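The file entry-v1.csv comes next; it holds CSV, C-alpha atoms.
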chain,number,residue,atom,x,y,z
B,1,MET,CA,0.0,0.0,0.0
B,2,ARG,CA,2.7,2.5,1.0
B,3,ARG,CA,4.7,1.8,-2.2
B,4,ARG,CA,1.5,2.3,-4.3
B,5,LEU,CA,0.8,5.6,-2.6
B,6,VAL,CA,4.4,6.7,-3.3
B,7,ARG,CA,4.2,5.7,-6.9
B,8,ILE,CA,0.9,7.7,-7.3
B,9,VAL,CA,2.5,10.8,-5.7
B,10,VAL,CA,5.6,10.5,-7.9
B,11,ARG,CA,3.6,10.2,-11.1
B,12,PHE,CA,1.3,13.1,-10.4
B,13,ALA,CA,4.3,15.2,-9.3
B,14,ILE,CA,6.1,14.5,-12.5
B,15,ALA,CA,3.0,15.4,-14.5
B,16,ILE,CA,2.6,18.7,-12.7
B,17,ALA,CA,6.3,19.5,-13.1
B,18,ILE,CA,6.1,18.8,-16.8
B,19,ILE,CA,3.0,21.1,-17.2
B,20,LEU,CA,4.5,23.9,-15.2
B,21,ALA,CA,7.8,23.6,-17.0
B,22,PHE,CA,6.0,23.8,-20.3
B,23,GLY,CA,4.2,27.0,-19.2
B,24,GLY,CA,7.5,28.5,-17.9
B,25,LEU,CA,9.5,27.7,-21.0
B,26,PHE,CA,6.7,29.1,-23.2
B,27,LYS,CA,6.8,32.3,-21.2
B,28,LEU,CA,10.6,32.6,-21.6
B,29,TYR,CA,10.4,31.9,-25.3
B,30,THR,CA,7.7,34.5,-25.9
B,31,ASP,CA,9.6,37.1,-23.8
B,32,ALA,CA,12.7,36.5,-25.9
B,33,GLN,CA,11.3,36.0,-29.4
B,34,LEU,CA,8.1,38.0,-29.6
B,35,SER,CA,7.4,41.7,-29.7
B,36,VAL,CA,5.5,43.4,-26.9
B,37,GLU,CA,2.3,43.6,-29.0
B,38,GLN,CA,2.5,39.8,-29.8
B,39,GLN,CA,3.2,39.0,-26.1
B,40,ASN,CA,0.0,40.9,-25.1
B,41,GLU,CA,-2.2,38.8,-27.4
B,42,VAL,CA,-4.8,36.8,-25.5
B,43,LEU,CA,-3.7,33.3,-26.7
B,44,ILE,CA,-0.1,34.0,-25.9
B,45,LYS,CA,-0.8,35.3,-22.4
B,46,ALA,CA,-3.3,32.5,-21.8
B,47,VAL,CA,-0.8,29.6,-22.2
B,48,PRO,CA,1.1,30.1,-18.9
B,49,PHE,CA,-2.2,30.7,-17.0
B,50,VAL,CA,-3.7,27.6,-18.5
B,51,ALA,CA,-0.6,25.6,-17.5
B,52,VAL,CA,-1.0,26.7,-13.9
B,53,PHE,CA,-4.7,26.0,-13.9
B,54,VAL,CA,-4.2,22.5,-15.4
B,55,SER,CA,-1.5,21.8,-12.8
B,56,ILE,CA,-3.9,22.7,-10.0
B,57,VAL,CA,-6.6,20.4,-11.5
B,58,VAL,CA,-4.1,17.6,-11.8
B,59,ALA,CA,-3.0,18.1,-8.2
B,60,PHE,CA,-6.6,17.9,-7.1
B,61,ALA,CA,-7.1,14.7,-9.1
B,62,GLY,CA,-4.0,13.3,-7.4
B,63,VAL,CA,-5.5,14.0,-4.0
B,64,ILE,CA,-8.7,12.2,-5.0
B,65,VAL,CA,-6.7,9.2,-6.2
B,66,LEU,CA,-4.6,9.1,-3.1
B,67,VAL,CA,-7.6,9.2,-0.8
B,68,ALA,CA,-9.5,6.6,-2.8
B,69,VAL,CA,-6.5,4.2,-2.7
B,70,TRP,CA,-5.8,4.9,0.9
B,71,LEU,CA,-9.3,4.8,2.4
B,72,GLY,CA,-11.3,2.9,-0.3
B,73,GLY,CA,-13.1,0.0,1.4
B,74,ARG,CA,-11.6,0.7,4.8
B,75,VAL,CA,-13.9,3.3,6.5
B,76,PRO,CA,-16.8,1.6,8.3
B,77,PRO,CA,-20.3,2.9,7.4
B,78,ARG,CA,-20.7,4.0,11.1
B,79,SER,CA,-18.2,6.7,10.4
B,80,TYR,CA,-18.4,7.1,6.6
B,81,ARG,CA,-22.1,8.2,6.6
B,82,PRO,CA,-21.8,10.7,9.5
B,83,ILE,CA,-18.8,12.3,7.9
B,84,GLU,CA,-20.6,12.5,4.7
B,85,ALA,CA,-23.6,14.1,6.5
B,86,ILE,CA,-21.3,16.7,8.1
B,87,ILE,CA,-19.9,17.7,4.7
B,88,ILE,CA,-23.4,18.0,3.3
B,89,ALA,CA,-24.4,20.1,6.2
B,90,GLY,CA,-21.4,22.4,5.4
B,91,ILE,CA,-22.7,22.7,1.8
B,92,LEU,CA,-26.2,23.6,3.0
B,93,LEU,CA,-24.9,26.2,5.5
B,94,GLY,CA,-22.7,27.6,2.8
B,95,VAL,CA,-25.6,28.0,0.4
B,96,LEU,CA,-27.7,29.5,3.2
B,97,GLY,CA,-24.9,32.1,3.9
B,98,LEU,CA,-24.7,32.9,0.2
B,99,PHE,CA,-28.4,33.5,-0.3
B,100,GLN,CA,-29.3,35.4,2.8
B,101,GLY,CA,-29.5,39.1,2.3
B,102,TRP,CA,-28.8,40.5,5.7
B,103,LYS,CA,-25.2,40.2,6.6
B,104,LEU,CA,-22.3,40.6,4.2
B,105,PHE,CA,-19.9,38.6,6.4
B,106,SER,CA,-22.3,35.6,6.2
B,107,TYR,CA,-22.0,35.8,2.4
B,108,GLN,CA,-18.2,35.9,2.6
B,109,TYR,CA,-17.9,33.0,5.0
B,110,GLY,CA,-20.7,31.1,3.3
B,111,PHE,CA,-18.8,31.1,0.1
B,112,LEU,CA,-15.6,29.8,1.7
B,113,LEU,CA,-17.6,27.2,3.6
B,114,LEU,CA,-19.4,26.1,0.5
B,115,LEU,CA,-16.2,25.9,-1.5
B,116,ALA,CA,-14.4,23.8,1.2
B,117,SER,CA,-17.5,21.5,1.6
B,118,VAL,CA,-17.9,20.9,-2.1
B,119,VAL,CA,-14.2,20.1,-2.5
B,120,SER,CA,-14.4,17.8,0.5
B,121,PHE,CA,-17.5,16.1,-0.9
B,122,MET,CA,-15.9,15.5,-4.2
B,123,ILE,CA,-13.0,13.8,-2.5
B,124,TRP,CA,-15.1,11.8,0.0
B,125,SER,CA,-17.5,10.6,-2.5
B,126,HIS,CA,-14.8,9.0,-4.7
B,127,PHE,CA,-14.4,5.9,-2.6
B,128,GLU,CA,-16.7,3.3,-1.1
B,129,PRO,CA,-16.9,2.5,2.6
B,130,LEU,CA,-16.1,-0.8,4.1
B,131,PRO,CA,-18.6,-3.4,2.8
B,132,LEU,CA,-21.5,-4.0,5.1
B,133,ARG,CA,-20.7,-7.6,5.7
B,134,ALA,CA,-17.2,-6.8,6.8
B,135,SER,CA,-18.3,-3.9,8.9
B,136,LYS,CA,-20.7,-6.1,10.9
B,137,ALA,CA,-17.6,-8.1,11.9
B,138,LEU,CA,-16.1,-5.1,13.5
B,139,PRO,CA,-16.2,-4.9,17.3
B,140,PRO,CA,-18.4,-2.1,18.7
B,141,LEU,CA,-16.6,1.1,19.6
B,142,SER,CA,-15.6,1.3,23.2
B,143,ARG,CA,-16.4,4.0,25.7
B,144,ARG,CA,-12.7,4.9,25.7
B,145,ALA,CA,-12.7,5.4,21.9
B,146,HIS,CA,-15.8,7.7,22.1
B,147,LEU,CA,-14.2,9.7,25.0
B,148,ILE,CA,-10.9,10.2,23.2
B,149,GLY,CA,-12.8,11.2,20.0
B,150,LEU,CA,-14.8,13.8,22.0
B,151,VAL,CA,-11.7,15.2,23.6
B,152,ALA,CA,-9.9,15.4,20.2
B,153,ALA,CA,-13.0,17.1,18.7
B,154,LEU,CA,-13.1,19.6,21.6
B,155,VAL,CA,-9.5,20.4,21.1
B,156,ALA,CA,-10.0,20.8,17.3
B,157,TRP,CA,-13.0,23.1,17.9
B,158,ILE,CA,-11.1,25.3,20.2
B,159,ILE,CA,-8.1,25.5,17.9
B,160,VAL,CA,-10.2,26.3,14.8
B,161,ALA,CA,-12.3,28.8,16.6
B,162,ALA,CA,-9.2,30.5,18.2
B,163,LEU,CA,-7.7,30.8,14.7
B,164,VAL,CA,-10.8,32.0,12.8
B,165,ILE,CA,-12.6,34.3,15.3
B,166,PRO,CA,-9.7,36.7,16.2
B,167,ALA,CA,-8.8,36.9,12.4
B,168,SER,CA,-12.3,38.2,11.7
B,169,LYS,CA,-12.3,40.9,14.4
B,170,PRO,CA,-13.2,44.3,12.9
B,171,THR,CA,-10.4,46.8,12.4
B,172,GLU,CA,-10.2,50.3,10.9
B,173,PRO,CA,-11.4,51.5,8.5
B,174,TYR,CA,-14.2,48.9,9.0
B,175,GLY,CA,-14.9,48.3,5.4
B,176,PHE,CA,-14.6,51.9,4.3
B,177,GLY,CA,-11.9,53.2,2.0
B,178,GLN,CA,-9.1,54.8,4.0
B,179,THR,CA,-9.7,58.2,2.3
B,180,LEU,CA,-13.4,58.1,3.1
B,181,TRP,CA,-12.6,57.0,6.7
B,182,ASN,CA,-10.3,59.9,7.2
B,183,PHE,CA,-13.0,62.4,6.2
B,184,LYS,CA,-15.5,61.1,8.8
B,185,THR,CA,-15.9,62.9,12.1
B,186,ASP,CA,-14.9,61.5,15.4
B,187,GLU,CA,-18.5,60.9,16.3
B,188,GLU,CA,-19.2,59.0,13.1
B,189,LYS,CA,-16.0,56.9,13.6
B,190,ALA,CA,-17.1,56.1,17.1
B,191,GLN,CA,-20.5,55.0,16.0
B,192,ILE,CA,-19.1,52.8,13.2
B,193,ARG,CA,-16.6,51.3,15.6
B,194,ASP,CA,-19.4,50.5,18.1
B,195,ASP,CA,-21.6,49.0,15.4
B,196,ALA,CA,-18.8,46.8,14.1
B,197,GLU,CA,-17.9,45.6,17.6
B,198,ASP,CA,-21.5,44.8,18.4
B,199,GLU,CA,-22.0,42.9,15.1
B,200,PHE,CA,-18.7,41.0,15.8
B,201,HIS,CA,-19.8,39.8,19.3
B,202,THR,CA,-23.5,39.2,18.6
B,203,ALA,CA,-23.3,37.8,15.1
B,204,LYS,CA,-19.9,36.9,13.9
B,205,VAL,CA,-18.7,35.0,16.9
B,206,PRO,CA,-21.7,32.7,17.1
B,207,VAL,CA,-21.6,32.0,13.4
B,208,LEU,CA,-17.9,31.2,13.4
B,209,ALA,CA,-18.2,29.1,16.5
B,210,LEU,CA,-21.0,27.1,14.7
B,211,MET,CA,-18.9,26.7,11.6
B,212,SER,CA,-15.9,25.5,13.7
B,213,LEU,CA,-18.1,22.6,14.9
B,214,LEU,CA,-18.0,21.0,11.4
B,215,PRO,CA,-14.2,20.2,11.4
B,216,ALA,CA,-14.5,19.2,15.0
B,217,GLY,CA,-17.2,16.6,14.1
B,218,LEU,CA,-14.9,15.2,11.4
B,219,VAL,CA,-12.1,14.9,13.9
B,220,TYR,CA,-14.4,13.0,16.3
B,221,PHE,CA,-15.5,10.4,13.8
B,222,ALA,CA,-12.0,9.9,12.5
B,223,VAL,CA,-10.2,9.7,15.9
B,224,ARG,CA,-12.6,7.3,17.5
B,225,GLU,CA,-12.0,4.8,14.7
B,226,LEU,CA,-8.2,5.1,15.1
B,227,VAL,CA,-8.1,4.5,18.8
B,228,PRO,CA,-6.5,1.2,19.6
B,229,ASP,CA,-8.3,-0.5,22.5
B,230,GLY,CA,-6.9,-3.8,23.9
B,231,ALA,CA,-9.3,-6.4,22.5
B,232,GLN,CA,-10.5,-4.0,19.9
B,233,PRO,CA,-8.1,-3.9,17.0
B,234,SER,CA,-7.5,-0.7,15.2
B,235,LEU,CA,-9.3,0.0,11.9
B,236,ALA,CA,-6.1,-0.3,9.9
B,237,ALA,CA,-5.3,-3.6,11.5
B,238,HIS,CA,-8.7,-5.0,10.9
B,239,SER,CA,-8.8,-4.0,7.3
B,240,GLN,CA,-5.6,-6.0,6.8
B,241,THR,CA,-6.9,-9.1,8.4
B,242,VAL,CA,-10.3,-9.3,6.8
B,243,PRO,CA,-10.2,-11.9,4.0
B,244,PRO,CA,-10.5,-10.5,0.5
B,245,GLU,CA,-13.7,-12.5,-0.1
B,246,GLN,CA,-15.3,-10.9,3.0
B,247,LEU,CA,-14.3,-7.4,1.9
B,248,GLY,CA,-15.9,-7.9,-1.4
B,249,ALA,CA,-13.6,-5.3,-3.1
B,250,SER,CA,-10.0,-4.4,-2.9
B,251,PRO,CA,-9.1,-1.0,-1.5
B,252,GLY,CA,-9.1,1.6,-4.2
Encoding of this model in C-alpha cells:
Amino acid sequence: MRRRLVRIVVRFAIAIAIILAFGGLFKLYTDAQLSVEQQNEVLIKAVPFVAVFVSIVVAFAGVIVLVAVWLGGRVPPRSYRPIEAIIIAGILLGVLGLFQGWKLFSYQYGFLLLLASVVSFMIWSHFEPLPLRASKALPPLSRRAHLIGLVAALVAWIIVAALVIPASKPTEPYGFGQTLWNFKTDEEKAQIRDDAEDEFHTAKVPVLALMSLLPAGLVYFAVRELVPDGAQPSLAAHSQTVPPEQLGASPG
C-alpha cells in the first residue's frame, strides 16, 4: 500500500512538473522572441495561465486518487455516513450564507464554507466505505474510543475557533476606504466602531463558532476509529486481516 501511494505521488508530481515547465518555457520563449504587441495577445498570455490552472486540476485529481486508494473499502459505514452528512451540512450552511440578504460577512464566510465543503464532498464521494458484511464483523466502539474522540473534537473546535474568530475581528477602516474614513468625524467613527464591535460579538462570533463545529465533528468520527483498544483492533489492523472474499472489493 505504501509503495503504491508513493508511486501515485511521484507520477502526479512528474505530470505537474512537466505542465509547469512547459508553461514556464513558453513564457521565456515569448519574452525573448516576440514583440510586446505579440506578447499581449490573448492566446499568448493564456498559455502560462492555463498551464498553472491545469496543474492545479491535476494536483486535485491526485489528492482524490490518493484518498481513494488509501481509504477505499476501509472506512466503516458507522463513520463514513456521519462524515458525509457533516460535509453535506457544510454545503447547506454555505448555500444559506450565500443567499441570505442581511449580513455581508455571512455571504463571505458562506462562500468559503461552500467551497471547502464541495471540494471535501468531491474527495469523500470518490471511494466506497467498508462493505456492510465486513463492517458487521467489527467490534463495537468502546467508551474509551468515544471519549478520546470527543476530547480530540473539543481540542480541534477550540483551535479552529481560536484561529478563525480573532482573524475576523473588525479593524479600521471597518470596510470603508481609507480616504473616506479619514473624512469622517470622530462621532461617526465612534458610531461605526461600536456597530462593528456589536456585530462581531453578537453575530460573527456565534456563526464562526458554529462553523468550527464542522471540522470538530470530522475529527471526532476519524479519531474514534483510530483509537487502539486492547481487545478492539484498530481499523487499519482489521482491514488488513479481513479476508478478501469478505471485503468484497479491494481498497481503491
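Atom CA of Gly177 of chain B lies 23.7 Å from atom CA of Leu112 of chain B.
Each of B:Ile18, B:Leu226, B:Leu147, B:Ile8 was compared to Ala68 of chain B using all atoms listed in the file, and B:Ile8 turns out to be the nearest.
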Report task. Write out as a VMD selection string the residues lying within 9 Å of segment 209-211 of chain B, counting only C-alpha atoms and excluding same-chain residues fewer than 4 positions away. Result -> chain B and resid 90 93 113 157 to 158 160 to 161 164 to 165 204 to 205 215
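When atom CA of Thr171 of chain B is paired with atom CA of Asp194 of chain B, their separation reads 11.3 Å.
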Report task. Fewer than 2 positions away in the same chain doesn't count, so skip those; otherwise give me all residues within 7 Å of Pro76 of chain B, counting only C-alpha atoms, as a ChimeraX atom specification. Result -> /B:74,78-80,129-130,135
Query raised in the report: Using all atoms listed in the file, which residues sit within 7 Å of segment 61-67 of chain B once same-chain residues fewer than 6 positions away are excluded, as a ChimeraX atom specification?
Result: /B:5,12,123,126
Output of the above residues as a PDB file, in the coordinates of the input, restricted to C-alpha atoms:
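Contents of the output file part_36.pdb:
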ATOM      1  CA  LEU B   5       0.800   5.600  -2.600  1.00  0.00           C
ATOM      2  CA  PHE B  12       1.300  13.100 -10.400  1.00  0.00           C
ATOM      3  CA  ILE B 123     -13.000  13.800  -2.500  1.00  0.00           C
ATOM      4  CA  HIS B 126     -14.800   9.000  -4.700  1.00  0.00           C
TER       5      HIS B 126
END
Report task. Could you jot down the atom CA of Ile159 of chain B to atom CA of Trp102 of chain B separation for me, Å, one decimal place? Result -> 28.3 Å
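Taking all atoms listed in the file, the non-local environment of Ala222 of chain B within 10 Å (same-chain residues fewer than 2 positions away omitted) comprises Val75, Ser79, Tyr80, Ile83, Gly149, Ala152, Ala153, Ala216, Gly217, Leu218, Val219, Tyr220, Arg224, Glu225, Leu226 and Val227 of chain B.
Each of B:Arg193, B:His201, B:Lys136, B:Arg143 was checked against Ser168 of chain B using all atoms listed in the file; the smallest atom-to-atom distance is that of B:His201.
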Query raised in the report: Excluding same-chain residues fewer than 2 positions from Phe105 of chain B, what lies within 10 Å of it counting all atoms listed in the file, as a ChimeraX atom specification?
Result: /B:97-98,102-103,107-111,168,199-200,203-204,207
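Distance annotation: of B:Val6, B:Ala196, B:Leu208, B:Ala59, the residue with the minimal separation from Ser106 of chain B is B:Leu208; atom set is only C-alpha atoms.
Distance annotation: of B:Leu96, B:Ile44, B:Arg4, B:Met122, the residue with the minimal separation from Phe60 of chain B is B:Met122; atom set is all atoms listed in the file.
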